[in-house]
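Trainee: The structure's right below; bear with me while I get my questions together.
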Amino acid sequence: MVSSEGGSPDPNPIWKLLGFGVWVQGFRCFPWMAVNFFLKDGLNVDPSTLQLLQNSANLPMVAKPLYGIVSDAVYVGGQHRIPYIAIGALLQAVSWLAIAIISPSSISIFTITLYLLLGNLGASIAEVANDAIVAEVGKQLTSSSKSSQPSSSGELQSYVWMASSAGGVLGNLIGGIAIDRCSPQTMFLFSGLLLALQFFITFTVRESSLNLPKSAADAGIRKQLSELSVALRKPEIAYSLTWFAASYAMIPALTGTMFFYQTQHLKIESSVLGLSKVFGQAAMLLWSIIYQRYLKSVPPRKLISAIQALMAVFMISDVLFVKGFYQKMGVPDSAYVVIFSGLLEVLFFFKILPFTVLIAQFCPHGCEGSLMAFVMSAIALAFIVSGYLGVALASYVGVTGNDFSGLPRGLLIQAACTILPIYWSSCIPHYVKSKTRRKKE
């Protein structure tokens, strides 16, 4: 597993494992599209209930630091990454298969919420292990690369991002078509079988073949907690993470409200919503390529702030859309939903790629899993807070399943909240220095 040139590890087995794993995780949008329509049409929930359930189902994501610490400190059969990916896939498979098997007439909101929580628990565990491998291998590539090749530090992050986006493109494309031709239970069954396949494939991989960095197997959870605490006290990590999480949390998300507006009020077909999500995922895929090739050298603060401002611009555009401005200009509602709504949905995630590359550079050796898990946990918690604030905002402006007259005002408030974090973006470092450059300086 060691190449003859420079003694660096051959990354192909790792890239194949991560590529398939994150592709499957990206494909999770396929069953979730069925969940949204099942809740709306099958269980007849209102917009606020839908958004509450969507965000509450993500609560297992908040415990990612715990999974990261356990993954760093507790070895299973001499391995501490592969077993957790397999366990995560298994829990997700059980979740979707259980929902598929239960009769639609006997399932309740409480029951489906429990299974969605189980599925997201599995997804969280798998993502933590994947993120830890990316951080570990990314640092290997950085330390083994020459200073004339600065792009290698984020190469694996970009590859993983592309694989996840590819899964999202296919999942949304098939989901938009299947939702009109198959029952939600059929889509749940297919997803469960795919995750079962991931479990069996992952189970056959030996971690020793990946040549991951060695760490003390007897480090212990207490030591991992201590190392995580030290890492979080580093100013460049603490300030960056606080700002990044706050930049999401203070934006009241109106995803459930917009879903009802598009399907109930505008009568947008599910296939159009699927194409919208495909367009968004394709944009994420293109973004990862553009970032890797052209934007790696852009200061993180400048790039992340620009994305934040662009999000606000798109929200103002949504105000014009709801007021019928684009329709008067001859732009069909379906065309706007596919292009602009699809882009706005993924713009929220554009910031994550440069931010994870930034944090990976500051991450101390030995707590990659813990720190990256804490980062993703903070982002997940921020999204949950954002969703709950969105429910409150929808109630404040008087939006219901049949009355959307207050939606433009809600979107304006959302845009204003999006712009505010830019004023203290100085919390993010302006430049990132690789270890190689630090030693030279």
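Ordering of the structure tokens sets the chain letters (A, B, ...); residue numbers start at 1 within each chain; ligands are numbered from 1 in the order shown.
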Which residues come within 12 Å of A:Leu232, counting only C-alpha atoms, excluding same-chain residues fewer than 6 positions away, as a PyMOL selection string?
Mentor: chain A and resi 65+225-226+238-242+359+362-364+367-368+370-372+374-375
Trainee: From the DSSP assignment of the backbone, select every residue of stretch 166-354 of chain A that is alpha helix (DSSP H), and format the answer as a ChimeraX atom specification.
Mentor: /A:166-181,184-203,221-232,235-249,255-260,270-290,300-322,325-328,333-336,342-350,352-354
Trainee: Neighbouring residues of A:Asn58 were defined as those with any atom within 7 Å, considering only C-alpha atoms; residues of the same chain fewer than 3 positions away were excluded. Please report them as number ranges by chain.
Mentor: A: 55, 61, 117, 120
Trainee: How many Å separate atom CA of A:Gly280 from atom CA of A:Val24?
Mentor: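 Separation between atom CA of A:Gly280 and atom CA of A:Val24: 17.4 Å.
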Trainee: Show me, as a ChimeraX atom specification, the residues that have an atom within 12 Å of stretch 389-396 of chain A when counting only C-alpha atoms, minus same-chain residues fewer than 5 positions from it.
Mentor: /A:46-55,248-258,382-384,401,403-414,417
Trainee: Write out, as a tab-separated table (two decimals), in the first residue's frame, the residues just selected, with C-alpha atoms.
Mentor:
chain	number	residue	atom	x	y	z
A	46	ASP	CA	-49.50	21.37	8.00
A	47	PRO	CA	-46.37	23.38	6.99
A	48	SER	CA	-45.27	24.06	10.59
A	49	THR	CA	-45.61	20.40	11.61
A	50	LEU	CA	-43.70	19.30	8.52
A	51	GLN	CA	-40.83	21.67	9.26
A	52	LEU	CA	-40.78	20.75	12.95
A	53	LEU	CA	-40.55	17.08	12.09
A	54	GLN	CA	-37.88	17.67	9.44
A	55	ASN	CA	-35.67	19.51	11.91
A	248	TYR	CA	-26.73	29.50	10.00
A	249	ALA	CA	-28.61	29.56	13.30
A	250	MET	CA	-29.75	33.18	13.04
A	251	ILE	CA	-31.41	32.62	9.63
A	252	PRO	CA	-35.05	31.52	10.08
A	253	ALA	CA	-35.48	28.73	7.52
A	254	LEU	CA	-38.77	28.63	5.61
A	255	THR	CA	-38.23	25.34	3.79
A	256	GLY	CA	-41.48	23.71	4.91
A	257	THR	CA	-43.44	26.85	4.09
A	258	MET	CA	-41.89	27.12	0.60
A	382	ALA	CA	-27.49	25.56	13.86
A	383	PHE	CA	-29.74	24.16	11.12
A	384	ILE	CA	-32.19	22.83	13.73
A	401	GLY	CA	-51.19	25.91	4.57
A	403	ASP	CA	-52.72	31.60	3.36
A	404	PHE	CA	-49.35	32.79	2.04
A	405	SER	CA	-50.00	36.55	2.07
A	406	GLY	CA	-47.37	37.11	4.77
A	407	LEU	CA	-44.66	35.09	2.98
A	408	PRO	CA	-42.96	38.10	1.25
A	409	ARG	CA	-42.51	39.84	4.62
A	410	GLY	CA	-41.10	36.65	6.11
A	411	LEU	CA	-38.61	36.32	3.24
A	412	LEU	CA	-37.45	39.93	3.74
A	413	ILE	CA	-36.83	39.27	7.43
A	414	GLN	CA	-34.94	36.11	6.44
A	417	CYS	CA	-30.90	37.99	9.14
Trainee: Could you check which of A:Ile307, A:Ile101, A:Val331, A:Leu353 is closest to A:Val160, using only C-alpha atoms?
Mentor: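 Residue with the minimum atom-to-atom distance to A:Val160: A:Leu353.
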Trainee: May I have the residues within 9 Å of stretch 128-132 of chain A as a PDB file with N, CA and C atoms, in the first residue's frame, using only C-alpha atoms and disregarding those fewer than 3 positions away in the same chain?
Mentor:
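For reference, result-v5.pdb as written:
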ATOM      1  N   LEU A  18     -14.545   5.754   0.461  1.00  0.00           N
ATOM      2  CA  LEU A  18     -15.215   7.017   0.771  1.00  0.00           C
ATOM      3  C   LEU A  18     -16.156   7.430  -0.353  1.00  0.00           C
ATOM      4  N   GLY A  21     -19.288   5.364  -0.117  1.00  0.00           N
ATOM      5  CA  GLY A  21     -19.999   5.663   1.129  1.00  0.00           C
ATOM      6  C   GLY A  21     -20.700   7.006   1.101  1.00  0.00           C
ATOM      7  N   VAL A  22     -20.003   8.057   0.673  1.00  0.00           N
ATOM      8  CA  VAL A  22     -20.619   9.382   0.660  1.00  0.00           C
ATOM      9  C   VAL A  22     -21.602   9.513  -0.493  1.00  0.00           C
ATOM     10  N   LYS A  64     -22.956  14.281  17.327  1.00  0.00           N
ATOM     11  CA  LYS A  64     -21.798  13.824  16.552  1.00  0.00           C
ATOM     12  C   LYS A  64     -20.478  13.858  17.329  1.00  0.00           C
ATOM     13  N   PRO A  65     -20.239  14.857  18.202  1.00  0.00           N
ATOM     14  CA  PRO A  65     -18.982  14.828  18.958  1.00  0.00           C
ATOM     15  C   PRO A  65     -18.813  13.543  19.768  1.00  0.00           C
ATOM     16  N   TYR A  67     -20.044  10.572  19.000  1.00  0.00           N
ATOM     17  CA  TYR A  67     -19.678   9.505  18.069  1.00  0.00           C
ATOM     18  C   TYR A  67     -18.221   9.655  17.644  1.00  0.00           C
ATOM     19  N   GLY A  68     -17.778  10.909  17.467  1.00  0.00           N
ATOM     20  CA  GLY A  68     -16.399  11.134  17.057  1.00  0.00           C
ATOM     21  C   GLY A  68     -15.402  10.717  18.121  1.00  0.00           C
ATOM     22  N   SER A  71     -15.346   6.991  18.215  1.00  0.00           N
ATOM     23  CA  SER A  71     -14.633   6.478  17.045  1.00  0.00           C
ATOM     24  C   SER A  71     -13.123   6.645  17.183  1.00  0.00           C
ATOM     25  N   ASP A  72     -12.692   7.767  17.762  1.00  0.00           N
ATOM     26  CA  ASP A  72     -11.262   8.010  17.958  1.00  0.00           C
ATOM     27  C   ASP A  72     -10.670   7.082  19.030  1.00  0.00           C
ATOM     28  N   HIS A  80     -11.077   1.377  14.017  1.00  0.00           N
ATOM     29  CA  HIS A  80     -11.865   2.442  14.651  1.00  0.00           C
ATOM     30  C   HIS A  80     -12.524   3.377  13.657  1.00  0.00           C
ATOM     31  N   ARG A  81     -12.579   3.015  12.388  1.00  0.00           N
ATOM     32  CA  ARG A  81     -13.327   3.802  11.396  1.00  0.00           C
ATOM     33  C   ARG A  81     -14.324   2.916  10.644  1.00  0.00           C
ATOM     34  N   ILE A  82     -13.822   1.833  10.037  1.00  0.00           N
ATOM     35  CA  ILE A  82     -14.669   0.957   9.221  1.00  0.00           C
ATOM     36  C   ILE A  82     -15.870   0.401   9.996  1.00  0.00           C
ATOM     37  N   PRO A  83     -15.701  -0.089  11.239  1.00  0.00           N
ATOM     38  CA  PRO A  83     -16.867  -0.632  11.948  1.00  0.00           C
ATOM     39  C   PRO A  83     -17.983   0.389  12.130  1.00  0.00           C
ATOM     40  N   TYR A  84     -17.615   1.656  12.332  1.00  0.00           N
ATOM     41  CA  TYR A  84     -18.632   2.681  12.559  1.00  0.00           C
ATOM     42  C   TYR A  84     -19.363   3.044  11.269  1.00  0.00           C
ATOM     43  N   ILE A  85     -18.662   2.980  10.139  1.00  0.00           N
ATOM     44  CA  ILE A  85     -19.337   3.179   8.855  1.00  0.00           C
ATOM     45  C   ILE A  85     -20.344   2.063   8.626  1.00  0.00           C
ATOM     46  N   ALA A 123     -26.899   7.663   9.975  1.00  0.00           N
ATOM     47  CA  ALA A 123     -26.227   8.567   9.042  1.00  0.00           C
ATOM     48  C   ALA A 123     -25.167   9.396   9.762  1.00  0.00           C
ATOM     49  N   SER A 124     -25.465   9.821  10.979  1.00  0.00           N
ATOM     50  CA  SER A 124     -24.515  10.626  11.764  1.00  0.00           C
ATOM     51  C   SER A 124     -23.258   9.836  12.069  1.00  0.00           C
ATOM     52  N   ILE A 125     -23.436   8.588  12.500  1.00  0.00           N
ATOM     53  CA  ILE A 125     -22.276   7.752  12.849  1.00  0.00           C
ATOM     54  C   ILE A 125     -21.403   7.519  11.619  1.00  0.00           C
ATOM     55  N   ALA A 135     -10.232  13.844   7.163  1.00  0.00           N
ATOM     56  CA  ALA A 135      -9.316  14.730   7.884  1.00  0.00           C
ATOM     57  C   ALA A 135      -7.939  14.088   8.032  1.00  0.00           C
ATOM     58  N   GLU A 136      -7.907  12.795   8.384  1.00  0.00           N
ATOM     59  CA  GLU A 136      -6.630  12.095   8.575  1.00  0.00           C
ATOM     60  C   GLU A 136      -5.847  12.014   7.271  1.00  0.00           C
ATOM     61  N   VAL A 137      -6.502  11.552   6.217  1.00  0.00           N
ATOM     62  CA  VAL A 137      -5.809  11.378   4.938  1.00  0.00           C
ATOM     63  C   VAL A 137      -5.468  12.727   4.326  1.00  0.00           C
ATOM     64  N   GLN A 157     -11.200  16.382   0.232  1.00  0.00           N
ATOM     65  CA  GLN A 157     -12.464  17.019   0.607  1.00  0.00           C
ATOM     66  C   GLN A 157     -13.313  17.322  -0.625  1.00  0.00           C
ATOM     67  N   CYS A 367      -7.171  13.847  17.106  1.00  0.00           N
ATOM     68  CA  CYS A 367      -8.581  14.109  17.435  1.00  0.00           C
ATOM     69  C   CYS A 367      -9.345  14.565  16.194  1.00  0.00           C
ATOM     70  N   GLU A 368      -8.925  14.050  15.028  1.00  0.00           N
ATOM     71  CA  GLU A 368      -9.597  14.433  13.785  1.00  0.00           C
ATOM     72  C   GLU A 368     -11.081  14.091  13.818  1.00  0.00           C
ATOM     73  N   GLY A 369     -11.365  12.854  14.269  1.00  0.00           N
ATOM     74  CA  GLY A 369     -12.762  12.428  14.326  1.00  0.00           C
ATOM     75  C   GLY A 369     -13.567  13.278  15.290  1.00  0.00           C
ATOM     76  N   SER A 370     -13.005  13.546  16.456  1.00  0.00           N
ATOM     77  CA  SER A 370     -13.706  14.326  17.476  1.00  0.00           C
ATOM     78  C   SER A 370     -13.973  15.751  17.014  1.00  0.00           C
ATOM     79  N   LEU A 371     -12.946  16.402  16.475  1.00  0.00           N
ATOM     80  CA  LEU A 371     -13.103  17.799  16.088  1.00  0.00           C
ATOM     81  C   LEU A 371     -14.034  17.951  14.893  1.00  0.00           C
ATOM     82  N   MET A 372     -13.836  17.132  13.843  1.00  0.00           N
ATOM     83  CA  MET A 372     -14.706  17.248  12.674  1.00  0.00           C
ATOM     84  C   MET A 372     -16.148  16.905  13.035  1.00  0.00           C
ATOM     85  N   ALA A 373     -16.305  15.968  13.963  1.00  0.00           N
ATOM     86  CA  ALA A 373     -17.659  15.633  14.419  1.00  0.00           C
ATOM     87  C   ALA A 373     -18.273  16.806  15.166  1.00  0.00           C
ATOM     88  N   MET A 376     -19.394  19.393  12.574  1.00  0.00           N
ATOM     89  CA  MET A 376     -20.634  19.024  11.892  1.00  0.00           C
ATOM     90  C   MET A 376     -21.824  19.037  12.848  1.00  0.00           C
TER      91      MET A 376
END
Trainee: Quick check, in Å to one decimal: how far apart do atom CA of A:Ile419 and atom CA of A:Ser386 lie?
Mentor: 14.7 Å
Trainee: Check the smallest atom-to-atom distance from each of A:Leu320, A:Val70, A:Ile102, A:Met315 to A:Thr186 using only C-alpha atoms, then report the winner.
Mentor: A:Ile102
Trainee: Which one of A:Asp318, A:Asp180, A:Glu236, A:Asp333 sits closest to A:Glu345 if you count only C-alpha atoms?
Mentor: A:Asp318
Trainee: What lies within 10 Å of A:Ser208 using only C-alpha atoms, ignoring chain neighbours under 2 positions off, as a PyMOL selection string?
Mentor: chain A and resi 1+78-79+82+205-206+210-212+214
Trainee: For the selection you just gave me, I'd like the residues written to a file as an mmCIF file, in the first residue's frame, keeping all heavy atoms.
Mentor:
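What follows is the written file out_2.cif:
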data_model
loop_
_atom_site.group_PDB
_atom_site.id
_atom_site.type_symbol
_atom_site.label_atom_id
_atom_site.label_comp_id
_atom_site.auth_asym_id
_atom_site.auth_seq_id
_atom_site.Cartn_x
_atom_site.Cartn_y
_atom_site.Cartn_z
ATOM 1 N N MET A 1 0.814 -1.210 0.000
ATOM 2 C CA MET A 1 0.000 0.000 0.000
ATOM 3 C C MET A 1 0.848 1.260 0.000
ATOM 4 O O MET A 1 0.357 2.339 0.206
ATOM 5 C CB MET A 1 -0.924 0.033 1.211
ATOM 6 C CG MET A 1 -1.971 -1.034 1.209
ATOM 7 S SD MET A 1 -3.024 -0.933 -0.244
ATOM 8 C CE MET A 1 -3.804 0.643 0.042
ATOM 9 N N GLY A 78 -9.793 -4.090 16.483
ATOM 10 C CA GLY A 78 -8.568 -3.458 16.011
ATOM 11 C C GLY A 78 -8.797 -2.360 14.989
ATOM 12 O O GLY A 78 -7.841 -1.854 14.399
ATOM 13 N N GLN A 79 -10.042 -1.981 14.782
ATOM 14 C CA GLN A 79 -10.377 -0.945 13.804
ATOM 15 C C GLN A 79 -11.228 0.136 14.482
ATOM 16 O O GLN A 79 -12.000 -0.163 15.383
ATOM 17 C CB GLN A 79 -11.163 -1.545 12.628
ATOM 18 C CG GLN A 79 -10.469 -2.724 11.957
ATOM 19 C CD GLN A 79 -11.343 -3.342 10.879
ATOM 20 O OE1 GLN A 79 -11.197 -3.067 9.702
ATOM 21 N NE2 GLN A 79 -12.278 -4.187 11.290
ATOM 22 N N ILE A 82 -13.822 1.833 10.037
ATOM 23 C CA ILE A 82 -14.669 0.957 9.221
ATOM 24 C C ILE A 82 -15.870 0.401 9.996
ATOM 25 O O ILE A 82 -16.998 0.419 9.481
ATOM 26 C CB ILE A 82 -13.838 -0.203 8.632
ATOM 27 C CG1 ILE A 82 -12.768 0.340 7.675
ATOM 28 C CG2 ILE A 82 -14.737 -1.195 7.898
ATOM 29 C CD1 ILE A 82 -13.322 1.087 6.494
ATOM 30 N N VAL A 205 -14.251 -4.851 4.166
ATOM 31 C CA VAL A 205 -13.007 -4.069 4.064
ATOM 32 C C VAL A 205 -12.254 -4.114 5.384
ATOM 33 O O VAL A 205 -12.838 -3.937 6.456
ATOM 34 C CB VAL A 205 -13.321 -2.600 3.686
ATOM 35 C CG1 VAL A 205 -12.040 -1.775 3.672
ATOM 36 C CG2 VAL A 205 -14.018 -2.535 2.333
ATOM 37 N N ARG A 206 -10.959 -4.368 5.301
ATOM 38 C CA ARG A 206 -10.107 -4.326 6.490
ATOM 39 C C ARG A 206 -9.437 -2.960 6.570
ATOM 40 O O ARG A 206 -8.881 -2.467 5.591
ATOM 41 C CB ARG A 206 -9.026 -5.415 6.431
ATOM 42 C CG ARG A 206 -9.561 -6.829 6.507
ATOM 43 C CD ARG A 206 -10.279 -7.114 7.803
ATOM 44 N NE ARG A 206 -9.399 -6.903 8.961
ATOM 45 C CZ ARG A 206 -9.814 -6.945 10.223
ATOM 46 N NH1 ARG A 206 -11.107 -7.160 10.489
ATOM 47 N NH2 ARG A 206 -8.960 -6.755 11.210
ATOM 48 N N LEU A 210 -6.166 0.326 4.377
ATOM 49 C CA LEU A 210 -6.301 1.740 4.045
ATOM 50 C C LEU A 210 -5.082 2.561 4.453
ATOM 51 O O LEU A 210 -4.958 3.715 4.082
ATOM 52 C CB LEU A 210 -7.556 2.323 4.722
ATOM 53 C CG LEU A 210 -8.881 1.600 4.423
ATOM 54 C CD1 LEU A 210 -10.030 2.308 5.121
ATOM 55 C CD2 LEU A 210 -9.136 1.537 2.918
ATOM 56 N N ASN A 211 -4.220 1.967 5.271
ATOM 57 C CA ASN A 211 -2.988 2.640 5.689
ATOM 58 C C ASN A 211 -3.273 3.997 6.341
ATOM 59 O O ASN A 211 -2.628 4.997 6.046
ATOM 60 C CB ASN A 211 -2.042 2.821 4.500
ATOM 61 C CG ASN A 211 -0.597 3.045 4.948
ATOM 62 O OD1 ASN A 211 -0.229 2.685 6.058
ATOM 63 N ND2 ASN A 211 0.207 3.637 4.086
ATOM 64 N N LEU A 212 -4.243 3.995 7.249
ATOM 65 C CA LEU A 212 -4.578 5.227 7.971
ATOM 66 C C LEU A 212 -3.500 5.520 9.007
ATOM 67 O O LEU A 212 -2.780 4.618 9.439
ATOM 68 C CB LEU A 212 -5.940 5.084 8.665
ATOM 69 C CG LEU A 212 -7.155 4.915 7.758
ATOM 70 C CD1 LEU A 212 -8.415 4.698 8.591
ATOM 71 C CD2 LEU A 212 -7.323 6.123 6.860
ATOM 72 N N LYS A 214 -1.520 5.883 12.322
ATOM 73 C CA LYS A 214 -1.620 5.113 13.564
ATOM 74 C C LYS A 214 -1.828 6.051 14.750
ATOM 75 O O LYS A 214 -1.265 7.126 14.822
ATOM 76 C CB LYS A 214 -0.331 4.306 13.803
ATOM 77 C CG LYS A 214 -0.084 3.240 12.742
ATOM 78 C CD LYS A 214 -1.102 2.122 12.859
ATOM 79 C CE LYS A 214 -0.742 0.960 11.947
ATOM 80 N NZ LYS A 214 -0.753 1.288 10.522
#
Trainee: Tell me, as JSON, numbers by chain, which residues lie within 10 Å of A:Lys267, counting only C-alpha atoms; anything in the same chain fewer than 6 positions away does not count.
Mentor: {"A": [260, 261, 333, 334]}
Trainee: For those residues, write C-alpha atoms to a file as an mmCIF file, in the first residue's frame.
Mentor:
data_model
loop_
_atom_site.group_PDB
_atom_site.id
_atom_site.type_symbol
_atom_site.label_atom_id
_atom_site.label_comp_id
_atom_site.auth_asym_id
_atom_site.auth_seq_id
_atom_site.Cartn_x
_atom_site.Cartn_y
_atom_site.Cartn_z
ATOM 1 C CA PHE A 260 -46.274 23.969 0.715
ATOM 2 C CA TYR A 261 -46.326 27.230 -1.273
ATOM 3 C CA ASP A 333 -43.082 29.516 -12.035
ATOM 4 C CA SER A 334 -41.716 26.044 -12.772
#
